[in-house]
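A.B. asks: Data: my_file_19.txt, compact mmCIF, C-alpha atoms.
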```
# COMPACT_ATOMS: atom_id res chain seq x y z
CA MET Z 1 126.58 233.81 153.89
CA LEU Z 2 123.54 232.98 156.00
CA GLY Z 3 125.60 230.88 158.41
CA ASN Z 4 128.10 233.69 158.88
CA ALA Z 5 125.27 236.16 159.54
CA LEU Z 6 123.81 233.76 162.12
CA LEU Z 7 127.14 233.48 163.95
CA LEU Z 8 127.52 237.28 163.99
CA ALA Z 9 123.96 237.59 165.33
CA LEU Z 10 124.62 235.13 168.16
CA ARG Z 11 127.85 236.93 169.06
CA GLU Z 12 126.03 240.23 169.22
CA LEU Z 13 123.31 238.76 171.46
CA ARG Z 14 125.93 237.36 173.85
CA ARG Z 15 127.62 240.73 174.04
CA ASN Z 16 124.36 242.37 175.28
CA VAL Z 17 122.65 239.56 177.16
CA MET Z 18 120.48 241.68 179.47
CA ARG Z 19 119.32 243.94 176.66
CA SER Z 20 118.52 240.92 174.50
CA ILE Z 21 116.44 239.32 177.28
CA LEU Z 22 114.48 242.53 177.87
CA THR Z 23 113.92 242.87 174.13
CA MET Z 24 112.56 239.31 173.91
CA LEU Z 25 110.26 239.82 176.91
CA GLY Z 26 107.32 241.10 174.85
CA ILE Z 27 107.59 238.14 172.48
CA ILE Z 28 107.89 235.69 175.39
CA ILE Z 29 104.81 237.10 177.14
CA GLY Z 30 102.77 237.20 173.92
CA VAL Z 31 103.58 233.63 172.85
CA ALA Z 32 103.11 232.28 176.38
CA ALA Z 33 99.76 234.06 176.79
CA VAL Z 34 98.35 232.86 173.47
CA ILE Z 35 99.41 229.22 173.88
CA THR Z 36 98.34 229.04 177.54
CA LEU Z 37 94.89 230.50 176.87
CA VAL Z 38 94.24 228.33 173.82
CA THR Z 39 95.40 225.20 175.67
CA LEU Z 40 93.21 225.92 178.70
CA GLY Z 41 90.31 226.83 176.41
CA GLY Z 42 90.69 223.53 174.57
CA GLY Z 43 90.72 221.68 177.89
CA ALA Z 44 87.60 223.52 179.06
CA THR Z 45 85.81 222.73 175.79
CA GLN Z 46 86.72 219.05 176.09
CA GLN Z 47 85.56 218.99 179.70
CA VAL Z 48 82.19 220.52 178.78
CA THR Z 49 81.74 217.98 175.98
CA GLN Z 50 82.61 215.07 178.27
CA GLN Z 51 80.33 216.28 181.05
CA ILE Z 52 77.39 216.75 178.69
CA ALA Z 53 78.05 213.28 177.24
CA SER Z 54 78.09 211.85 180.78
CA LEU Z 55 74.49 212.98 181.25
CA GLY Z 56 73.32 210.48 178.69
CA SER Z 57 73.68 209.23 175.13
CA ASN Z 58 71.56 211.17 172.60
CA LEU Z 59 69.58 212.52 175.52
CA LEU Z 60 66.42 214.61 175.26
CA MET Z 61 64.81 215.96 178.43
CA ILE Z 62 61.11 216.84 178.43
CA SER Z 63 60.31 219.12 181.36
CA VAL Z 64 57.10 220.67 182.62
CA GLY Z 65 56.51 224.39 182.10
CA LYS Z 66 56.81 227.05 179.39
CA ARG Z 67 60.12 228.90 179.04
CA ILE Z 68 59.54 232.62 179.67
CA GLY Z 69 63.12 233.83 179.93
CA PRO Z 70 66.72 232.74 180.50
CA GLY Z 71 66.59 230.02 183.15
CA GLN Z 72 62.91 230.72 183.96
CA MET Z 73 59.98 228.35 183.48
CA SER Z 74 56.32 229.02 184.11
CA GLY Z 75 54.24 226.46 186.04
CA ALA Z 76 52.11 223.85 184.28
CA GLU Z 77 50.35 220.55 184.91
CA ALA Z 78 52.78 217.73 185.68
CA PHE Z 79 53.26 214.74 183.38
CA LYS Z 80 51.86 211.30 184.15
CA VAL Z 81 53.35 207.85 183.65
CA ALA Z 82 50.94 207.41 180.74
CA ASP Z 83 52.71 210.23 178.89
CA ALA Z 84 56.00 208.32 179.04
CA GLU Z 85 54.26 205.14 177.93
CA ALA Z 86 52.74 207.00 174.96
CA LEU Z 87 56.18 208.29 173.93
CA ALA Z 88 57.66 204.79 174.05
CA ARG Z 89 54.72 203.44 172.03
CA ASP Z 90 54.20 206.17 169.42
CA VAL Z 91 57.73 207.50 168.73
CA PRO Z 92 59.67 204.56 167.25
CA GLU Z 93 62.98 206.48 167.04
CA LEU Z 94 63.36 206.41 170.83
CA ALA Z 95 65.70 203.78 172.31
CA ALA Z 96 64.50 204.23 175.91
CA VAL Z 97 62.07 206.36 177.90
CA ALA Z 98 62.35 207.08 181.62
CA PRO Z 99 59.74 209.08 183.57
CA VAL Z 100 61.38 210.92 186.47
CA ALA Z 101 60.06 212.43 189.69
CA SER Z 102 62.45 213.89 192.22
CA GLY Z 103 62.69 215.98 195.33
CA ALA Z 104 64.88 216.87 198.27
CA THR Z 105 65.06 214.56 201.27
CA THR Z 106 67.19 213.61 204.26
CA ALA Z 107 68.80 210.18 204.21
CA ILE Z 108 69.43 208.61 207.62
CA TYR Z 109 71.59 205.63 208.57
CA ALA Z 110 72.37 204.88 212.21
CA ASN Z 111 73.63 208.18 213.67
CA GLU Z 112 74.47 209.70 210.29
CA ASN Z 113 72.19 211.85 208.13
CA TRP Z 114 72.66 213.67 204.85
CA SER Z 115 70.46 216.10 202.90
CA THR Z 116 70.32 214.87 199.34
CA ASN Z 117 68.10 214.39 196.29
CA VAL Z 118 65.92 211.33 195.78
CA THR Z 119 64.84 210.37 192.29
CA GLY Z 120 62.04 208.02 191.39
CA SER Z 121 62.16 206.37 187.98
CA THR Z 122 62.03 203.09 186.08
CA GLU Z 123 64.91 200.73 185.33
CA GLU Z 124 65.43 202.57 182.03
CA PHE Z 125 66.63 205.64 183.97
CA PHE Z 126 70.12 204.14 184.22
CA PRO Z 127 70.94 203.64 180.51
CA VAL Z 128 69.17 206.86 179.53
CA SER Z 129 71.12 208.92 182.10
CA ASN Z 130 74.37 207.01 181.51
CA GLN Z 131 74.39 205.88 185.15
CA GLN Z 132 76.48 202.76 185.71
CA ILE Z 133 76.50 200.40 188.68
CA GLY Z 134 79.78 200.12 190.55
CA GLU Z 135 78.58 197.54 193.09
CA GLY Z 136 75.38 195.55 193.50
CA ARG Z 137 72.54 195.85 190.98
CA ILE Z 138 69.68 198.03 189.81
CA PHE Z 139 66.05 197.25 190.64
CA ASN Z 140 64.28 195.00 188.15
CA ALA Z 141 60.96 195.45 186.33
CA SER Z 142 58.93 193.57 188.95
CA GLU Z 143 60.40 195.67 191.80
CA ALA Z 144 59.61 198.81 189.84
CA ARG Z 145 56.05 197.59 189.14
CA VAL Z 146 55.15 196.80 192.75
CA GLY Z 147 57.01 199.74 194.28
CA ALA Z 148 59.56 197.76 196.28
CA ALA Z 149 61.44 199.46 199.14
CA VAL Z 150 64.85 199.30 197.45
CA CYS Z 151 67.28 202.03 196.40
CA ILE Z 152 70.56 202.71 194.58
CA ILE Z 153 72.81 205.44 195.98
CA GLY Z 154 75.60 207.64 194.61
CA GLN Z 155 79.17 207.77 195.84
CA THR Z 156 78.69 211.01 197.79
CA VAL Z 157 75.71 209.62 199.72
CA ALA Z 158 77.59 206.39 200.41
CA THR Z 159 80.60 208.29 201.79
CA LYS Z 160 78.50 210.57 203.99
CA LEU Z 161 76.36 207.78 205.47
CA PHE Z 162 78.62 204.74 205.48
CA GLY Z 163 82.16 206.11 205.38
CA SER Z 164 84.53 203.42 204.11
CA GLN Z 165 82.20 200.45 204.70
CA SER Z 166 80.06 198.90 201.96
CA PRO Z 167 76.48 200.24 201.85
CA LEU Z 168 75.05 197.13 200.18
CA ASN Z 169 72.27 195.24 201.99
CA ASN Z 170 71.97 197.97 204.63
CA ARG Z 171 68.74 199.89 205.16
CA ILE Z 172 68.48 203.67 205.11
CA ARG Z 173 65.50 205.85 205.95
CA LEU Z 174 64.08 208.48 203.58
CA GLN Z 175 61.41 210.37 205.52
CA LYS Z 176 58.93 207.56 206.40
CA LEU Z 177 60.40 205.10 203.90
CA SER Z 178 62.91 202.49 205.02
CA CYS Z 179 64.63 201.04 201.96
CA GLU Z 180 67.38 198.51 201.32
CA VAL Z 181 70.50 199.64 199.46
CA ILE Z 182 70.89 197.19 196.57
CA GLY Z 183 73.35 199.13 194.40
CA LEU Z 184 76.11 201.73 194.38
CA LEU Z 185 76.52 203.98 191.34
CA LYS Z 186 79.90 204.66 189.74
CA SER Z 187 81.21 208.16 190.35
CA LYS Z 188 80.45 210.81 187.69
CA GLY Z 189 81.78 213.93 189.45
CA GLN Z 190 80.43 217.42 188.92
CA SER Z 191 78.13 218.37 186.08
CA THR Z 192 78.68 221.28 183.70
CA MET Z 193 76.50 223.44 185.94
CA GLY Z 194 78.59 222.60 189.01
CA SER Z 195 76.17 220.19 190.74
CA ASP Z 196 77.39 216.93 192.28
CA GLN Z 197 76.13 214.06 190.11
CA ASP Z 198 77.07 211.55 192.82
CA ASP Z 199 74.76 213.14 195.41
CA ILE Z 200 71.71 211.08 194.42
CA ILE Z 201 69.44 208.28 195.58
CA VAL Z 202 67.34 206.39 193.01
CA VAL Z 203 64.20 204.45 193.96
CA PRO Z 204 61.45 202.87 191.82
CA LEU Z 205 59.05 205.52 190.55
CA ARG Z 206 56.01 203.86 192.13
CA THR Z 207 57.85 203.73 195.47
CA TYR Z 208 58.62 207.44 195.26
CA GLN Z 209 55.07 208.38 194.29
CA ARG Z 210 53.38 206.28 196.98
CA ARG Z 211 55.78 206.50 199.92
CA ILE Z 212 57.53 209.86 199.51
CA ALA Z 213 55.69 212.32 197.21
CA GLY Z 214 52.14 211.13 197.85
CA ASN Z 215 51.00 211.84 194.28
CA GLN Z 216 51.23 210.43 190.75
CA ASP Z 217 53.10 213.38 189.20
CA VAL Z 218 56.12 213.04 186.90
CA ASN Z 219 58.36 216.12 186.77
CA MET Z 220 60.42 215.14 183.76
CA ILE Z 221 60.68 212.51 181.06
CA LYS Z 222 64.15 211.57 179.85
CA VAL Z 223 64.38 209.88 176.47
CA SER Z 224 67.31 208.42 174.55
CA VAL Z 225 67.26 208.70 170.76
CA LYS Z 226 68.51 205.79 168.67
CA ASP Z 227 71.95 206.22 167.07
CA GLY Z 228 71.94 207.80 163.62
CA VAL Z 229 68.49 209.38 164.03
CA ASP Z 230 68.00 213.12 163.52
CA THR Z 231 67.23 214.50 166.99
CA GLU Z 232 65.55 217.59 165.55
CA ARG Z 233 62.95 215.45 163.78
CA VAL Z 234 62.43 213.43 166.97
CA LYS Z 235 61.90 216.66 168.94
CA GLN Z 236 59.18 217.65 166.49
CA ASP Z 237 57.48 214.24 166.84
CA ILE Z 238 57.63 214.49 170.64
CA THR Z 239 56.26 218.02 170.58
CA ARG Z 240 53.30 217.04 168.39
CA LEU Z 241 52.47 214.03 170.58
CA MET Z 242 52.74 215.95 173.85
CA ARG Z 243 50.63 218.85 172.55
CA THR Z 244 47.92 216.33 171.64
CA ARG Z 245 48.06 214.60 175.02
CA ARG Z 246 48.01 217.94 176.89
CA HIS Z 247 45.05 219.14 174.77
CA LEU Z 248 46.73 222.33 173.55
CA ALA Z 249 44.92 224.36 170.90
CA VAL Z 250 46.71 225.49 167.73
CA ASN Z 251 47.04 229.05 169.02
CA GLU Z 252 48.34 227.96 172.47
CA ASP Z 253 52.03 227.89 173.37
CA ASP Z 254 53.69 224.71 174.60
CA ASN Z 255 53.45 224.26 178.38
CA PHE Z 256 56.43 221.90 178.29
CA ASN Z 257 59.98 222.13 177.00
CA VAL Z 258 62.05 219.61 175.00
CA LEU Z 259 65.76 220.11 175.61
CA ASP Z 260 68.45 218.51 173.43
CA MET Z 261 71.70 218.00 175.36
CA LYS Z 262 73.69 218.06 172.11
CA GLU Z 263 72.49 221.61 171.52
CA ILE Z 264 73.60 222.63 175.01
CA ALA Z 265 77.00 221.02 174.45
CA LYS Z 266 77.40 222.86 171.14
CA MET Z 267 76.33 226.17 172.67
CA LEU Z 268 78.68 225.87 175.65
CA SER Z 269 81.58 224.74 173.44
CA THR Z 270 81.01 227.66 171.07
CA THR Z 271 80.91 230.09 174.00
CA THR Z 272 84.14 228.68 175.44
CA GLN Z 273 85.88 228.84 172.06
CA THR Z 274 84.73 232.42 171.50
CA MET Z 275 86.03 233.54 174.89
CA THR Z 276 89.31 231.73 174.26
CA GLY Z 277 89.66 233.47 170.89
CA LEU Z 278 89.02 236.90 172.39
CA LEU Z 279 91.50 236.36 175.22
CA SER Z 280 94.08 234.99 172.78
CA ALA Z 281 93.66 238.09 170.63
CA VAL Z 282 94.44 240.22 173.68
CA GLY Z 283 97.53 238.07 174.29
CA ALA Z 284 98.59 238.50 170.65
CA VAL Z 285 98.82 242.25 171.24
CA SER Z 286 101.90 241.49 173.37
CA LEU Z 287 103.53 240.03 170.25
CA LEU Z 288 103.04 243.33 168.44
CA VAL Z 289 104.42 245.21 171.42
CA GLY Z 290 107.38 242.85 171.42
CA GLY Z 291 107.90 243.51 167.71
CA ILE Z 292 107.98 247.24 168.34
CA GLY Z 293 110.55 246.61 171.08
CA ILE Z 294 112.71 244.65 168.63
CA MET Z 295 112.52 247.47 166.09
CA ASN Z 296 113.50 250.00 168.74
CA ILE Z 297 116.51 248.00 169.94
CA MET Z 298 117.66 247.25 166.39
CA LEU Z 299 117.55 250.97 165.57
CA VAL Z 300 119.66 251.62 168.67
CA SER Z 301 122.04 248.85 167.58
CA VAL Z 302 122.40 250.40 164.12
CA THR Z 303 123.30 253.74 165.70
CA GLU Z 304 125.82 252.13 168.07
CA ARG Z 305 127.47 250.14 165.28
CA THR Z 306 127.55 252.82 162.61
CA ARG Z 307 131.37 252.79 162.36
CA GLU Z 308 131.36 248.97 162.15
CA ILE Z 309 128.85 249.14 159.32
CA GLY Z 310 130.91 251.81 157.56
CA ILE Z 311 134.06 249.68 157.76
CA ARG Z 312 132.26 246.62 156.37
CA LEU Z 313 130.84 248.63 153.49
CA ALA Z 314 134.21 250.31 152.83
CA ILE Z 315 136.09 247.00 152.51
CA GLY Z 316 133.60 245.61 150.03
CA ALA Z 317 130.57 244.24 151.92
CA LEU Z 318 127.41 244.40 149.84
CA GLU Z 319 124.27 246.18 151.02
CA ARG Z 320 122.33 242.92 150.98
CA GLU Z 321 124.90 241.32 153.31
CA VAL Z 322 124.52 244.13 155.85
CA LEU Z 323 120.73 243.92 155.45
CA LEU Z 324 120.84 240.16 156.01
CA GLN Z 325 123.01 240.48 159.12
CA PHE Z 326 120.66 242.84 160.94
CA LEU Z 327 117.58 241.00 159.71
CA VAL Z 328 118.97 237.70 161.05
CA GLU Z 329 119.67 239.35 164.41
CA ALA Z 330 116.04 240.49 164.64
CA VAL Z 331 114.73 237.05 163.65
CA VAL Z 332 117.03 235.29 166.15
CA LEU Z 333 115.79 237.59 168.92
CA SER Z 334 112.14 236.94 168.14
CA SER Z 335 112.67 233.19 167.56
CA PHE Z 336 114.46 232.73 170.86
CA GLY Z 337 111.67 234.66 172.52
CA GLY Z 338 109.15 232.38 170.83
CA LEU Z 339 110.92 229.21 172.00
CA ILE Z 340 111.17 230.46 175.59
CA GLY Z 341 107.51 231.50 175.44
CA ILE Z 342 106.47 228.02 174.26
CA VAL Z 343 108.29 226.29 177.13
CA LEU Z 344 106.86 228.77 179.64
CA ALA Z 345 103.34 228.39 178.19
CA LEU Z 346 103.31 224.59 178.33
CA ALA Z 347 104.61 224.56 181.91
CA THR Z 348 102.04 227.18 182.94
CA ALA Z 349 99.22 225.32 181.16
CA VAL Z 350 100.07 222.06 182.96
CA VAL Z 351 100.03 223.81 186.35
CA LEU Z 352 96.82 225.78 185.67
CA SER Z 353 95.07 222.69 184.27
CA GLY Z 354 95.60 221.01 187.63
CA VAL Z 355 94.49 224.08 189.57
CA LEU Z 356 91.37 224.67 187.45
CA GLN Z 357 90.69 220.92 187.16
CA VAL Z 358 90.40 220.90 183.38
CA PRO Z 359 92.12 218.40 181.05
CA PHE Z 360 95.50 219.38 179.60
CA VAL Z 361 95.00 219.23 175.85
CA PHE Z 362 98.23 219.72 173.90
CA GLN Z 363 97.55 221.52 170.64
CA GLY Z 364 100.56 221.29 168.36
CA GLY Z 365 98.96 223.52 165.75
CA ILE Z 366 98.78 226.60 167.98
CA VAL Z 367 102.37 226.01 169.16
CA ILE Z 368 103.64 225.99 165.57
CA ILE Z 369 101.52 229.00 164.62
CA ALA Z 370 102.72 230.98 167.65
CA PHE Z 371 106.37 230.23 166.85
CA LEU Z 372 106.01 231.12 163.17
CA PHE Z 373 104.18 234.30 164.13
CA SER Z 374 106.98 235.28 166.50
CA ALA Z 375 109.57 234.69 163.76
CA THR Z 376 107.45 236.72 161.33
CA VAL Z 377 107.35 239.56 163.86
CA GLY Z 378 111.17 239.55 163.79
CA VAL Z 379 111.22 239.76 159.99
CA VAL Z 380 108.58 242.51 159.79
CA PHE Z 381 109.90 244.73 162.57
CA GLY Z 382 113.55 243.99 161.87
CA TYR Z 383 113.42 244.90 158.19
CA PHE Z 384 113.29 248.68 158.60
CA PRO Z 385 116.37 248.92 160.91
CA ALA Z 386 118.21 246.43 158.67
CA ARG Z 387 117.44 248.49 155.56
CA LYS Z 388 118.57 251.64 157.36
CA ALA Z 389 121.90 249.97 158.18
CA ALA Z 390 122.36 248.71 154.61
CA ARG Z 391 121.78 252.18 153.12
CA LEU Z 392 124.31 254.00 155.27
CA ASP Z 393 126.90 256.03 153.36
CA PRO Z 394 130.31 254.42 154.12
CA ILE Z 395 132.10 257.75 154.29
CA GLU Z 396 129.55 259.28 156.67
CA ALA Z 397 129.52 256.10 158.72
CA LEU Z 398 133.31 256.17 159.13
CA ARG Z 399 133.14 259.76 160.36
CA HIS Z 400 130.56 258.81 163.01
CA GLU Z 401 131.76 259.12 166.61
```
Could you spell out this file's structure in structure tokens?

C.D. replies:
Amino acid sequence: MLGNALLLALRELRRNVMRSILTMLGIIIGVAAVITLVTLGGGATQQVTQQIASLGSNLLMISVGKRIGPGQMSGAEAFKVADAEALARDVPELAAVAPVASGATTAIYANENWSTNVTGSTEEFFPVSNQQIGEGRIFNASEARVGAAVCIIGQTVATKLFGSQSPLNNRIRLQKLSCEVIGLLKSKGQSTMGSDQDDIIVVPLRTYQRRIAGNQDVNMIKVSVKDGVDTERVKQDITRLMRTRRHLAVNEDDNFNVLDMKEIAKMLSTTTQTMTGLLSAVGAVSLLVGGIGIMNIMLVSVTERTREIGIRLAIGALEREVLLQFLVEAVVLSSFGGLIGIVLALATAVVLSGVLQVPFVFQGGIVIIAFLFSATVGVVFGYFPARKAARLDPIEALRHE
């Protein structure tokens, strides 16, 4: 009986192809919108997670200043190298500690120049910040200790100054400092905030302080927490130690900030997922609109086929058979719409992923849910017209013109 109803439903759809397509349009748009938005949202979430992870493993950043509002920090006394040494000595849960001082500069090589950022730090800056060497080497402990005139550059700086040639063993000028390029960093691309992570020059901290900055200040201390250690407890230990070293009274607020990159990753991922959910909910409204369209067309179909229904009932068709026929037609309409919407959504998601430069993350769960929801819409909105058809009086139906 079900197979016969399915064949009758397909025949009816072929007889009114244009009307069937227009009826399915709401379902197609709804399914396509939901799947596309969820897929792009999943890609954006993955991208945020990867970019945060690229900043460093279990990274905590200790910066100078007291947070007074979103994105705003008040001024405070800079850190010193001794503060980083105290952290490495007194907080055993830390895997590595890297004091960092940085500032804007102009790098010059031959006739080329490029405005960039120069960072002074120790050799531990590279593992803490997840910076890997593509060519050459990093400076060693003795070079860092004596303040050698050596540097490691990012891919962007290398391209701007050297073009396609190798930058290794060449000398570039940073203000009054002439330094030898001993290493080239692997490319990391843009950060979550949109900055170019490859637009960087790294020199020994002592070199930066003596030859570029002219002071002993440290703007930031980056620390890497050992695997399996609770970062929240480590933050508390760091806070207590830094308050002691900065001679803060009990009633005084911190004049520094300890930032956990895992917390930022979680916050950004939650925000992305929330926005994706809200947009998907808007897209789901199209499914309801499509369901109403199916109900409307099925009611029209019942009116058009009143005599056919009357004849079927008069020659012995049961009410449940008539009900099943119209219900199957509604489900076929919505299911076809769901399948077309899925194909359209995946194609659109692939294209938009390339345009927006986010990973394409196929999520089979949302595809299955969207299809089942579209089929359910057909059942729900097709039931009332089907019941109306099944309850027609055969005699009245045969009299219908």

A.B. asks: I'd like the contact shell of Leu94 (chain Z) - 10 Å cut-off, only C-alpha atoms, skipping same-chain residues fewer than 3 positions apart - returned as a VMD selection string.

C.D. replies: chain Z and resid 58 to 60 87 to 91 97 223 to 227 229 231 234 238

A.B. asks: With all atoms listed in the file as the atoms that count, which of Z:Asn170, Z:Ser178, Z:Gly365, Z:Ser353 lies nearest to Thr106 (chain Z)?

C.D. replies: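 Going through Z:Asn170, Z:Ser178, Z:Gly365, Z:Ser353 one by one, the smallest distance to Thr106 (chain Z) is for Z:Ser178.
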
A.B. asks: Work out how far CA of Val64 (chain Z) is from CA of Phe139 (chain Z), in Å to one decimal.

C.D. replies: 26.3 Å

A.B. asks: Got a sec: who's within 10 Å of Ala370 (chain Z), counting only C-alpha atoms, leaving out chain neighbours fewer than 5 positions off, as a short mmCIF file (atom, residue, chain, number, x, y, z; two decimals) with C-alpha atoms, in the frame of the given file?

C.D. replies:
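As a result, selection.cif now contains:
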```cif
data_model
loop_
_atom_site.label_atom_id
_atom_site.label_comp_id
_atom_site.auth_asym_id
_atom_site.auth_seq_id
_atom_site.Cartn_x
_atom_site.Cartn_y
_atom_site.Cartn_z
CA ILE Z 27 107.59 238.14 172.48
CA GLY Z 30 102.77 237.20 173.92
CA VAL Z 31 103.58 233.63 172.85
CA ALA Z 32 103.11 232.28 176.38
CA VAL Z 34 98.35 232.86 173.47
CA ILE Z 35 99.41 229.22 173.88
CA ALA Z 284 98.59 238.50 170.65
CA LEU Z 287 103.53 240.03 170.25
CA GLY Z 338 109.15 232.38 170.83
CA LEU Z 339 110.92 229.21 172.00
CA GLY Z 341 107.51 231.50 175.44
CA ILE Z 342 106.47 228.02 174.26
CA GLY Z 364 100.56 221.29 168.36
CA GLY Z 365 98.96 223.52 165.75
CA ALA Z 375 109.57 234.69 163.76
CA THR Z 376 107.45 236.72 161.33
#
```

A.B. asks: Using only C-alpha atoms for the distances, tell me which of Z:Ile108, Z:Phe384, Z:Ile221, Z:Phe360 is nearest to Arg171 (chain Z).

C.D. replies: Z:Ile108

A.B. asks: Closest to Met295 (chain Z) among Z:Cys151, Z:Val379, Z:Ile21, Z:Ala347, using only C-alpha atoms?

C.D. replies: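 Comparing Z:Cys151, Z:Val379, Z:Ile21, Z:Ala347 against Met295 (chain Z), the winner is Z:Val379.
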
A.B. asks: Can you tell me how far CA of Ala213 (chain Z) sits from CA of Asn111 (chain Z), in Å to one decimal?

C.D. replies: 24.7 Å

A.B. asks: Could you pull out every residue with an atom within 12 Å of (56.4, 200.6, 191.1), file coordinates, counting only C-alpha atoms, and send them as a PDB file with C-alpha atoms, in the coordinates of the input?

C.D. replies:
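Below you can see result.pdb, which holds the result:
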```pdb
ATOM      1  CA  VAL Z  81      53.350 207.850 183.650  1.00  0.00           C
ATOM      2  CA  PRO Z  99      59.740 209.080 183.570  1.00  0.00           C
ATOM      3  CA  GLY Z 120      62.040 208.020 191.390  1.00  0.00           C
ATOM      4  CA  SER Z 121      62.160 206.370 187.980  1.00  0.00           C
ATOM      5  CA  THR Z 122      62.030 203.090 186.080  1.00  0.00           C
ATOM      6  CA  GLU Z 123      64.910 200.730 185.330  1.00  0.00           C
ATOM      7  CA  PHE Z 139      66.050 197.250 190.640  1.00  0.00           C
ATOM      8  CA  ASN Z 140      64.280 195.000 188.150  1.00  0.00           C
ATOM      9  CA  ALA Z 141      60.960 195.450 186.330  1.00  0.00           C
ATOM     10  CA  SER Z 142      58.930 193.570 188.950  1.00  0.00           C
ATOM     11  CA  GLU Z 143      60.400 195.670 191.800  1.00  0.00           C
ATOM     12  CA  ALA Z 144      59.610 198.810 189.840  1.00  0.00           C
ATOM     13  CA  ARG Z 145      56.050 197.590 189.140  1.00  0.00           C
ATOM     14  CA  VAL Z 146      55.150 196.800 192.750  1.00  0.00           C
ATOM     15  CA  GLY Z 147      57.010 199.740 194.280  1.00  0.00           C
ATOM     16  CA  ALA Z 148      59.560 197.760 196.280  1.00  0.00           C
ATOM     17  CA  ALA Z 149      61.440 199.460 199.140  1.00  0.00           C
ATOM     18  CA  VAL Z 150      64.850 199.300 197.450  1.00  0.00           C
ATOM     19  CA  VAL Z 203      64.200 204.450 193.960  1.00  0.00           C
ATOM     20  CA  PRO Z 204      61.450 202.870 191.820  1.00  0.00           C
ATOM     21  CA  LEU Z 205      59.050 205.520 190.550  1.00  0.00           C
ATOM     22  CA  ARG Z 206      56.010 203.860 192.130  1.00  0.00           C
ATOM     23  CA  THR Z 207      57.850 203.730 195.470  1.00  0.00           C
ATOM     24  CA  TYR Z 208      58.620 207.440 195.260  1.00  0.00           C
ATOM     25  CA  GLN Z 209      55.070 208.380 194.290  1.00  0.00           C
ATOM     26  CA  ARG Z 210      53.380 206.280 196.980  1.00  0.00           C
ATOM     27  CA  ARG Z 211      55.780 206.500 199.920  1.00  0.00           C
ATOM     28  CA  GLN Z 216      51.230 210.430 190.750  1.00  0.00           C
TER      29      GLN Z 216
END
```

A.B. asks: Out of Z:Leu327, Z:Asp217, Z:Asp237, Z:Glu232, which residue has the shortest atom-to-atom distance to Lys262 (chain Z) when counting all atoms listed in the file?

C.D. replies: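 Comparing Z:Leu327, Z:Asp217, Z:Asp237, Z:Glu232 against Lys262 (chain Z), the winner is Z:Glu232.
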
A.B. asks: Rank Z:Val358, Z:Ile29, Z:Leu241, Z:Leu37 by their smallest atom-to-atom distance to Leu279 (chain Z), using all atoms listed in the file, and report the top residue only.

C.D. replies: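 Looking at the shortest contact to Leu279 (chain Z), the residue is Z:Leu37.
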
A.B. asks: Quick one, how far is CA of Ile138 (chain Z) from CA of Ile152 (chain Z)?

C.D. replies: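 According to the coordinates, CA of Ile138 (chain Z) and CA of Ile152 (chain Z) are separated by 6.7 Å.
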
A.B. asks: Using only C-alpha atoms, which residues sit within 8 Å of Ser102 (chain Z) once same-chain residues fewer than 6 positions away are excluded, as an mmCIF file with C-alpha atoms, in the frame of the given file?

C.D. replies:
```cif
data_model
loop_
_atom_site.group_PDB
_atom_site.id
_atom_site.type_symbol
_atom_site.label_atom_id
_atom_site.label_comp_id
_atom_site.auth_asym_id
_atom_site.auth_seq_id
_atom_site.Cartn_x
_atom_site.Cartn_y
_atom_site.Cartn_z
ATOM 1 C CA ASN Z 117 68.100 214.390 196.290
ATOM 2 C CA VAL Z 118 65.920 211.330 195.780
ATOM 3 C CA THR Z 119 64.840 210.370 192.290
ATOM 4 C CA GLY Z 120 62.040 208.020 191.390
ATOM 5 C CA ASN Z 219 58.360 216.120 186.770
#
```

A.B. asks: Restricting the calculation to only C-alpha atoms, which member of Z:Gly42, Z:Ile292, Z:Ala314, Z:Val250 is positioned closest to Ala330 (chain Z)?

C.D. replies: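 Once distances to Ala330 (chain Z) are computed over only C-alpha atoms, the minimum belongs to Z:Ile292.
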
A.B. asks: Taking all atoms of region 21-36 of chain Z that appear in the file, build a box with edges along x, y and z, extend it by 3 Å on every side, and state its centre and edge lengths in Å to one decimal, as JSON.

C.D. replies:
```
{"center_x": 107.4, "center_y": 236.0, "center_z": 175.2, "size_x": 24.1, "size_y": 19.8, "size_z": 11.4}
```

A.B. asks: For a quick check of your reading of the model, name the residues lying within 12 Å of the coordinate (113.7, 240.4, 178.7), counting all atoms listed in the file, and write them as number ranges by chain.

C.D. replies: Z: 16-29, 290, 293-294, 297, 333-334, 336-337, 340-341
